[in-house]
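Reproduced below: run00.tsv, with TSV, C-alpha atoms.
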```tsv
chain	number	residue	atom	x	y	z
A	1	MET	CA	121.84	107.01	141.10
A	2	THR	CA	125.13	107.25	142.94
A	3	GLU	CA	128.35	105.37	143.33
A	4	GLY	CA	130.81	106.09	146.11
A	5	ASN	CA	130.82	109.78	146.96
A	6	PHE	CA	129.19	111.03	143.76
A	7	VAL	CA	125.72	112.44	144.50
A	8	ASP	CA	123.94	114.49	141.84
A	9	TYR	CA	120.28	114.48	142.94
A	10	VAL	CA	118.84	115.14	146.41
A	11	LYS	CA	115.59	116.35	147.93
A	12	ILE	CA	115.80	118.48	151.05
A	13	HIS	CA	113.48	120.43	153.36
A	14	VAL	CA	114.24	124.08	154.14
A	15	SER	CA	112.61	126.45	156.64
A	16	SER	CA	113.38	130.14	156.93
A	17	GLY	CA	113.04	132.01	160.22
A	18	ASN	CA	109.98	133.84	161.49
A	19	GLY	CA	110.15	137.60	161.86
A	20	GLY	CA	110.32	138.93	165.42
A	21	ALA	CA	107.34	140.70	166.98
A	22	GLY	CA	107.31	144.45	167.47
A	23	SER	CA	107.40	145.81	171.03
A	24	THR	CA	104.51	147.54	172.86
A	25	HIS	CA	106.84	149.18	175.39
A	26	LEU	CA	105.90	152.57	176.87
A	27	ARG	CA	108.63	154.90	178.03
A	28	ARG	CA	108.70	155.28	181.81
A	29	GLU	CA	111.47	157.40	183.32
A	30	LYS	CA	111.75	159.65	186.34
A	31	PHE	CA	111.12	163.30	185.47
A	32	VAL	CA	109.72	162.31	182.03
A	33	ALA	CA	105.97	162.65	182.17
A	34	LYS	CA	103.94	160.66	179.65
A	35	GLY	CA	107.01	159.34	177.83
A	36	GLY	CA	104.85	157.71	175.23
A	37	PRO	CA	105.40	154.59	173.08
A	38	ASP	CA	108.97	153.59	172.29
A	39	GLY	CA	108.64	149.93	171.30
A	40	GLY	CA	111.11	148.85	168.64
A	41	ASP	CA	110.63	146.69	165.53
A	42	GLY	CA	111.16	142.95	165.38
A	43	GLY	CA	114.16	141.51	163.53
A	44	ARG	CA	114.03	139.73	160.18
A	45	GLY	CA	113.91	135.96	160.13
A	46	GLY	CA	116.94	134.16	158.70
A	47	HIS	CA	117.08	133.22	155.00
A	48	VAL	CA	118.07	129.84	153.57
A	49	ILE	CA	120.64	130.77	150.93
A	50	VAL	CA	122.13	128.57	148.20
A	51	ARG	CA	125.68	129.59	147.22
A	52	GLY	CA	127.91	128.33	144.41
A	53	ASN	CA	131.31	126.88	145.32
A	54	LYS	CA	133.73	125.98	142.51
A	55	GLY	CA	135.62	123.70	144.91
A	56	LEU	CA	132.72	121.23	145.04
A	57	TRP	CA	131.71	118.75	142.36
A	58	THR	CA	129.04	116.66	144.11
A	59	LEU	CA	126.02	117.08	146.41
A	60	LEU	CA	127.48	114.69	148.98
A	61	ASN	CA	126.99	117.24	151.80
A	62	PHE	CA	123.24	116.71	151.52
A	63	LYS	CA	123.26	112.92	151.46
A	64	PHE	CA	122.82	112.51	155.21
A	65	LYS	CA	121.41	115.86	156.35
A	66	ARG	CA	118.15	116.75	154.63
A	67	HIS	CA	116.56	119.40	156.95
A	68	PHE	CA	117.84	122.97	157.21
A	69	ASP	CA	116.27	125.61	159.50
A	70	ALA	CA	117.26	129.27	159.67
A	71	GLY	CA	117.07	131.29	162.90
A	72	HIS	CA	114.07	133.36	164.02
A	73	GLY	CA	114.23	137.14	164.30
A	74	GLY	CA	114.46	138.71	167.75
A	75	HIS	CA	111.62	140.73	169.26
A	76	GLY	CA	111.76	144.52	169.40
A	77	GLY	CA	112.81	146.24	172.64
A	78	LYS	CA	112.45	149.51	174.47
A	79	GLN	CA	113.91	152.80	173.24
A	80	ARG	CA	112.98	151.79	169.72
A	81	SER	CA	115.54	148.98	169.76
A	82	THR	CA	115.23	146.67	166.76
A	83	GLY	CA	115.41	142.94	167.40
A	84	ALA	CA	118.34	140.95	166.04
A	85	ASP	CA	117.99	139.36	162.60
A	86	GLY	CA	117.80	135.57	162.54
A	87	ASN	CA	120.89	133.63	161.48
A	88	ASP	CA	120.97	132.76	157.78
A	89	VAL	CA	121.71	129.19	156.65
A	90	ILE	CA	124.03	128.96	153.64
A	91	LEU	CA	124.00	125.79	151.53
A	92	GLU	CA	127.19	125.36	149.50
A	93	VAL	CA	126.58	123.62	146.16
A	94	PRO	CA	128.75	122.85	143.10
A	95	LEU	CA	128.44	124.95	139.96
A	96	GLY	CA	125.79	123.64	137.59
A	97	THR	CA	123.20	122.96	140.32
A	98	VAL	CA	119.54	123.47	139.42
A	99	VAL	CA	117.15	124.18	142.32
A	100	ARG	CA	113.52	123.13	141.88
A	101	ASP	CA	110.39	123.29	143.99
A	102	SER	CA	109.82	119.59	144.71
A	103	ASP	CA	106.03	119.93	144.88
A	104	SER	CA	105.39	121.96	141.72
A	105	GLY	CA	108.50	120.99	139.73
A	106	GLU	CA	109.15	124.68	138.96
A	107	ILE	CA	112.79	125.70	138.50
A	108	LEU	CA	113.54	128.36	141.12
A	109	PHE	CA	117.05	129.23	139.94
A	110	GLU	CA	120.36	127.82	138.71
A	111	ILE	CA	123.82	128.22	140.23
A	112	THR	CA	126.44	128.65	137.50
A	113	GLU	CA	129.05	131.02	139.00
A	114	ASP	CA	131.39	130.79	141.97
A	115	GLY	CA	130.04	132.85	144.87
A	116	GLN	CA	126.59	133.28	143.30
A	117	GLN	CA	123.95	133.47	146.03
A	118	GLU	CA	120.21	132.87	145.69
A	119	ILE	CA	117.55	132.77	148.40
A	120	SER	CA	115.62	129.49	148.41
A	121	ALA	CA	113.46	130.34	151.45
A	122	ARG	CA	113.06	133.98	152.48
A	123	GLY	CA	112.91	134.91	156.16
A	124	GLY	CA	109.78	136.63	157.48
A	125	LEU	CA	109.81	140.38	158.08
A	126	GLY	CA	109.81	141.67	161.63
A	127	GLY	CA	106.70	143.38	163.01
A	128	ARG	CA	106.63	147.13	163.59
A	129	GLY	CA	106.77	148.47	167.15
A	130	ASN	CA	104.03	150.60	168.74
A	131	TRP	CA	105.84	153.90	168.19
A	132	HIS	CA	104.93	153.64	164.49
A	133	PHE	CA	101.24	153.83	165.34
A	134	LYS	CA	101.12	156.92	167.60
A	135	SER	CA	99.03	159.82	166.35
A	136	SER	CA	97.34	162.90	167.67
A	137	THR	CA	94.24	160.85	168.41
A	138	ASN	CA	96.04	157.76	169.70
A	139	GLN	CA	99.05	158.95	171.65
A	140	THR	CA	99.68	155.73	173.59
A	141	PRO	CA	99.02	152.76	171.27
A	142	ARG	CA	99.35	149.52	173.21
A	143	TYR	CA	99.64	147.24	170.23
A	144	ALA	CA	102.36	146.27	167.73
A	145	GLN	CA	102.64	144.02	164.72
A	146	PRO	CA	103.55	140.34	165.04
A	147	GLY	CA	106.35	139.05	162.88
A	148	ILE	CA	105.61	137.47	159.51
A	149	PRO	CA	106.11	133.68	159.46
A	150	GLY	CA	108.98	132.30	157.40
A	151	GLU	CA	108.71	129.98	154.41
A	152	GLU	CA	108.81	126.20	154.54
A	153	LYS	CA	109.27	124.16	151.41
A	154	ASN	CA	110.71	121.02	149.86
A	155	ILE	CA	113.33	121.68	147.21
A	156	THR	CA	115.28	119.44	144.86
A	157	LEU	CA	118.95	119.99	144.10
A	158	GLU	CA	119.89	118.59	140.71
A	159	LEU	CA	123.49	118.74	139.55
A	160	LYS	CA	124.32	119.05	135.84
A	161	LEU	CA	128.06	118.80	135.33
A	162	LEU	CA	129.70	121.74	133.60
A	163	ALA	CA	132.04	120.35	130.92
A	164	ASP	CA	133.14	121.43	127.46
A	165	VAL	CA	132.91	117.98	125.87
A	166	GLY	CA	130.58	115.12	126.79
A	167	LEU	CA	131.27	111.52	125.71
A	168	VAL	CA	128.18	109.75	124.39
A	169	GLY	CA	128.11	106.06	123.53
A	170	PHE	CA	126.92	102.57	124.29
A	171	PRO	CA	128.45	100.64	127.19
A	172	ASN	CA	131.97	99.39	126.41
A	173	ALA	CA	132.47	101.89	123.58
A	174	GLY	CA	135.82	102.92	125.09
A	175	LYS	CA	134.74	106.23	126.68
A	176	SER	CA	136.45	105.66	130.04
A	177	THR	CA	139.63	104.45	128.34
A	178	LEU	CA	139.72	107.57	126.17
A	179	LEU	CA	139.25	109.78	129.25
A	180	SER	CA	142.11	108.01	131.02
A	181	VAL	CA	144.40	108.56	128.00
A	182	LEU	CA	143.51	112.22	127.31
A	183	THR	CA	143.48	113.32	130.97
A	184	SER	CA	144.87	112.42	134.38
A	185	ALA	CA	141.51	110.98	135.46
A	186	LYS	CA	141.49	107.36	136.57
A	187	PRO	CA	138.00	106.00	135.85
A	188	LYS	CA	137.14	102.37	136.48
A	189	ILE	CA	137.83	100.33	133.32
A	190	ALA	CA	136.78	96.71	132.79
A	191	ASN	CA	135.56	94.43	130.02
A	192	TYR	CA	131.88	94.34	130.94
A	193	GLU	CA	128.90	96.60	130.37
A	194	PHE	CA	128.07	99.43	132.74
A	195	THR	CA	131.54	99.54	134.25
A	196	THR	CA	131.02	103.29	134.59
A	197	LEU	CA	128.34	103.99	137.19
A	198	LYS	CA	128.99	107.70	137.69
A	199	PRO	CA	130.14	110.59	135.49
A	200	ASN	CA	133.87	111.26	135.48
A	201	LEU	CA	135.54	114.57	134.68
A	202	GLY	CA	139.02	115.19	133.29
A	203	ILE	CA	141.04	118.14	132.00
A	204	VAL	CA	142.59	117.75	128.54
A	205	LYS	CA	145.87	119.64	128.12
A	206	TYR	CA	146.15	121.29	124.72
A	207	ARG	CA	148.84	123.32	122.98
A	208	ASP	CA	150.24	126.56	124.45
A	209	PHE	CA	149.04	125.74	127.97
A	210	ARG	CA	145.40	125.73	126.91
A	211	SER	CA	142.94	123.13	128.16
A	212	PHE	CA	139.32	122.01	128.13
A	213	VAL	CA	137.13	119.78	130.32
A	214	ILE	CA	135.77	116.45	129.14
A	215	ALA	CA	133.08	114.34	130.86
A	216	ASP	CA	132.57	110.58	130.61
A	217	ILE	CA	128.84	109.83	130.94
A	218	PRO	CA	127.69	106.27	131.82
A	219	GLY	CA	126.72	104.24	128.76
A	220	ILE	CA	123.41	104.86	127.02
A	221	ILE	CA	121.31	102.03	125.58
A	222	GLU	CA	118.26	102.07	123.33
A	223	GLY	CA	115.29	103.15	125.44
A	224	ALA	CA	117.41	105.15	127.91
A	225	ALA	CA	115.10	108.17	127.65
A	226	GLU	CA	112.26	105.93	128.91
A	227	GLY	CA	114.33	104.69	131.85
A	228	LYS	CA	116.16	101.63	130.54
A	229	GLY	CA	119.72	100.90	131.59
A	230	LEU	CA	121.74	103.40	133.61
A	231	GLY	CA	122.34	106.20	131.13
A	232	HIS	CA	118.97	107.88	131.77
A	233	TYR	CA	120.09	108.80	135.29
A	234	PHE	CA	122.84	110.95	133.82
A	235	LEU	CA	121.37	112.34	130.60
A	236	ARG	CA	120.90	115.63	132.45
A	237	HIS	CA	124.67	116.13	132.52
A	238	ILE	CA	124.83	116.14	128.71
A	239	GLU	CA	122.64	119.27	128.66
A	240	ARG	CA	125.57	121.31	130.01
A	241	ASN	CA	128.18	120.13	127.48
A	242	SER	CA	129.17	122.42	124.61
A	243	VAL	CA	130.22	119.59	122.27
A	244	LEU	CA	128.93	116.01	122.18
A	245	LEU	CA	131.50	113.41	121.13
A	246	PHE	CA	129.71	110.27	119.95
A	247	MET	CA	131.83	107.13	120.26
A	248	VAL	CA	131.13	103.95	118.31
A	249	PRO	CA	133.65	101.06	118.32
A	250	ALA	CA	135.20	99.92	115.01
A	251	ASP	CA	133.94	96.36	115.55
A	252	SER	CA	130.30	97.52	115.65
A	253	LYS	CA	127.97	95.66	113.28
A	254	ASP	CA	126.48	98.95	112.01
A	255	VAL	CA	128.19	102.21	113.00
A	256	SER	CA	125.57	104.40	111.33
A	257	LYS	CA	122.71	102.60	113.10
A	258	GLU	CA	124.35	102.94	116.52
A	259	TYR	CA	124.96	106.64	115.92
A	260	HIS	CA	121.28	107.18	115.02
A	261	ILE	CA	120.10	105.23	118.09
A	262	LEU	CA	122.22	107.42	120.37
A	263	LEU	CA	121.06	110.57	118.59
A	264	ASN	CA	117.44	109.51	118.88
A	265	GLU	CA	117.73	108.88	122.64
A	266	LEU	CA	119.10	112.38	123.15
A	267	ARG	CA	116.35	113.84	120.96
A	268	LYS	CA	113.64	112.07	122.97
A	269	TYR	CA	115.18	113.24	126.24
A	270	ASN	CA	115.59	116.88	125.20
A	271	PRO	CA	115.15	118.10	121.59
A	272	GLU	CA	117.37	121.11	122.35
A	273	LEU	CA	120.37	118.76	122.46
A	274	MET	CA	120.16	118.57	118.67
A	275	ASP	CA	121.42	122.16	118.51
A	276	LYS	CA	124.78	121.25	120.05
A	277	ASP	CA	127.91	120.61	117.99
A	278	ARG	CA	128.53	116.90	117.44
A	279	MET	CA	131.49	114.72	116.47
A	280	LEU	CA	131.78	111.02	115.71
A	281	ALA	CA	134.83	109.06	116.86
A	282	ILE	CA	135.37	105.48	115.75
A	283	SER	CA	137.14	103.91	118.74
A	284	LYS	CA	139.29	100.75	118.78
A	285	SER	CA	140.47	101.62	115.26
A	286	ASP	CA	143.83	99.92	115.82
A	287	MET	CA	142.15	96.76	114.47
A	288	LEU	CA	141.61	98.47	111.08
A	289	ASP	CA	144.13	99.03	108.30
A	290	GLU	CA	144.30	102.26	106.31
A	291	GLU	CA	142.39	100.83	103.35
A	292	LEU	CA	139.52	99.70	105.56
A	293	MET	CA	139.42	103.06	107.36
A	294	ALA	CA	139.23	104.94	104.05
A	295	GLU	CA	136.43	102.68	102.85
A	296	MET	CA	134.50	103.05	106.13
A	297	GLU	CA	134.91	106.85	106.04
A	298	THR	CA	133.45	107.00	102.53
A	299	VAL	CA	130.44	104.88	103.53
A	300	LEU	CA	129.82	106.92	106.69
A	301	GLN	CA	129.93	110.23	104.84
A	302	GLU	CA	127.22	108.90	102.52
A	303	GLU	CA	125.07	107.53	105.34
A	304	LEU	CA	125.70	110.44	107.75
A	305	PRO	CA	125.84	113.67	105.69
A	306	GLY	CA	127.77	116.43	107.42
A	307	VAL	CA	129.49	114.05	109.86
A	308	THR	CA	133.22	113.48	109.38
A	309	PRO	CA	134.37	110.55	111.51
A	310	VAL	CA	137.69	110.54	113.37
A	311	PHE	CA	139.38	107.17	113.72
A	312	ILE	CA	141.04	106.77	117.13
A	313	SER	CA	142.64	104.16	119.33
A	314	SER	CA	143.23	104.81	123.01
A	315	VAL	CA	145.64	101.85	123.13
A	316	SER	CA	147.93	102.77	120.22
A	317	GLY	CA	147.37	106.54	120.32
A	318	LEU	CA	146.01	106.59	116.77
A	319	GLY	CA	144.21	109.85	115.92
A	320	MET	CA	144.54	111.43	119.40
A	321	ALA	CA	146.22	114.62	118.17
A	322	ARG	CA	143.65	115.04	115.39
A	323	LEU	CA	140.80	114.41	117.84
A	324	LYS	CA	142.03	117.14	120.20
A	325	ASP	CA	142.48	119.55	117.28
A	326	ARG	CA	138.94	118.94	116.03
A	327	LEU	CA	137.45	119.34	119.50
A	328	TRP	CA	139.34	122.57	120.08
A	329	GLU	CA	138.11	123.94	116.74
A	330	LEU	CA	134.49	123.18	117.70
A	331	LEU	CA	134.92	124.74	121.15
A	332	ASN	CA	136.61	127.85	119.74
A	333	PRO	CA	135.01	128.58	116.36
```

Would it be possible to restate this file's structure as structure tokens?
Amino acid sequence: MTEGNFVDYVKIHVSSGNGGAGSTHLRREKFVAKGGPDGGDGGRGGHVIVRGNKGLWTLLNFKFKRHFDAGHGGHGGKQRSTGADGNDVILEVPLGTVVRDSDSGEILFEITEDGQQEISARGGLGGRGNWHFKSSTNQTPRYAQPGIPGEEKNITLELKLLADVGLVGFPNAGKSTLLSVLTSAKPKIANYEFTTLKPNLGIVKYRDFRSFVIADIPGIIEGAAEGKGLGHYFLRHIERNSVLLFMVPADSKDVSKEYHILLNELRKYNPELMDKDRMLAISKSDMLDEELMAEMETVLQEELPGVTPVFISSVSGLGMARLKDRLWELLNP
């Protein structure tokens, strides 16, 4: 699922190069009798390499080009000359990219560091030239090895955004508005469901020039883990977040019930998400007075043991400083 230039899931076809054939050349020079075999080895076929680039945040480069072929290795030559290696193809991807074999579904590797390089399709080895095979009983071998064919496979690139905090909530819970207030990001904001169609990232400035990254994930609805709504397209991004900030609006009919629905969807998608630190923010709290907030906090602590809600308002600025303090404490225990 994409909007604009945000692409986080693509399938591509990669082919590495074939190894070059070894040479069967026999040395023939004036005044050199019976020069013997001097055929060189073939060159290695080119690899298809996936490399991490911290300057990228989307897989847009692969939206229109889906086939990547590395160069073939050169054949061996005379005087034991080795053939040239095939040209490698380097695929630049953003950090947080998971590479899978499209046919088997197996995870081949993950790119999490800038400059990290992994080979997705290995080039074939070059064949050995005839000089390797000479012996006392076979002094002029007239054969050499062919090169080994390269690999050809379909792979899937799946981006999981790397962020410290992930916003989790139903559509219109105020996630995009909060992101726009805490950071310099400018997500689309409107008064209808599924305004957010792609994840948005922002950097929250904290005290003493410290900062952390927050991600706004498109709204989740009940049944998202089974494919309902839009949130299921982006649940993978939540796997990379250190802290999950659940957002439920103050005008919700049942805050506790909404929280449990969201928690259950994450559990069904990936039970390991339950091990992450969680916070509950009651958004749009500018419509509540202090007495009502105190009463709601008492009820929520009874219904949600271990969860201390933070009352916030992106419009009035209520609770923003406390929210950032709590998030920083969770990120830096």

Identify the residues around (111.9, 138.8, 169.9) within a radius of 12 Å, measuring from all atoms listed in the file in the coordinates stated by the file, and give them as a VMD selection string. chain A and resid 17 to 24 39 to 45 71 to 78 81 to 86 126 to 129 145 to 147

Please return as a list in words every residue within 6 Å of (137.4, 100.4, 116.7), taking into account all atoms listed in the file and the file's own coordinates.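 Protein, DNA and RNA residues close to (137.4, 100.4, 116.7): Pro249, Ala250, Asp251, Ile282, Ser283, Lys284 and Ser285 of chain A.
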
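Nearest-residue note for A:Gly55: choosing from A:Asp114, A:Glu152, A:Glu29, A:Asp38, the minimum distance belongs to A:Asp114, counting only C-alpha atoms.
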
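Distances from A:Lys160, A:Lys63, A:Arg28, A:His47 to A:Ile238 were compared using only C-alpha atoms, and the smallest one belongs to A:Lys160.
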
Please provide the set of residues having any atom within 12 Å of A:Val14, restricted to only C-alpha atoms, with same-chain residues fewer than 6 positions apart removed, written as a ChimeraX atom specification. /A:46-50,62,65-71,88-91,101-102,119-123,150-157

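The space between atom CA of A:Val248 and atom CA of A:Pro271 spans 21.6 Å.
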
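Checking A:Gly36, A:Val307, A:Tyr269, A:Met293 one by one against A:Asn138, counting only C-alpha atoms, you find the shortest gap at A:Gly36.
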
Tell me which protein, DNA and RNA residues are within 12 Å of A:Leu263, counting only C-alpha atoms, leaving out same-chain ones fewer than 3 positions away, and put them as a VMD selection string. chain A and resid 168 to 170 220 to 225 244 to 247 256 to 260 266 to 276 278 to 280 304

Enclose stretch 94-103 of chain A, meaning all of its atoms listed in the file, in a box aligned along x, y and z, pad it by 6 Å on each side, and list the centre and edge lengths in Å to one decimal, as AutoDock Vina command-line options.
```
--center_x 117.4 --center_y 122.3 --center_z 141.2 --size_x 34.7 --size_y 17.4 --size_z 19.3
```

Nearest to A:Asp286 by atom-to-atom distance, counting only C-alpha atoms, from A:Gly96, A:Gly166, A:Gly105, A:Gly317: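 Among A:Gly96, A:Gly166, A:Gly105, A:Gly317, it is A:Gly317 that comes nearest to A:Asp286.
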
Neighbouring residues of A:Trp57 were defined as those with any atom within 10 Å, considering only C-alpha atoms; residues of the same chain fewer than 5 positions away were excluded. Please report them as a list of chain:residue names.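 Near A:Trp57, the qualifying residues are A:Phe6, A:Val7, A:Asp8, A:Val93, A:Pro94, A:Leu95, A:Gly96, A:Thr97, A:Leu159, A:Lys160, A:Leu161, A:Leu162, A:Leu201.
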
Atom-to-atom span, atom CA of A:Gln79 and atom CA of A:Ser16, Å: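 Going from atom CA of A:Gln79 over to atom CA of A:Ser16, I get 27.9 Å.
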
Work out how far apart atom CA of A:Ala163 and atom CA of A:Asn200 are and give it in Å to one decimal.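 It comes out at 10.3 Å.
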
Of the residues A:Ser242, A:Thr140, A:Ser252, A:Ser184, which is the one nearest to A:Asp164, using all atoms listed in the file? A:Ser242

Counting only C-alpha atoms, the residue of A:Leu182, A:Leu323, A:Val10, A:Leu331 that sits nearest A:Phe64: A:Val10

Name the residues in contact with A:Arg207 at a cut-off of 12 Å, using only C-alpha atoms, excluding same-chain residues fewer than 6 positions from it; report them as a list of chain:residue names. A:Ala321, A:Lys324, A:Asp325, A:Trp328
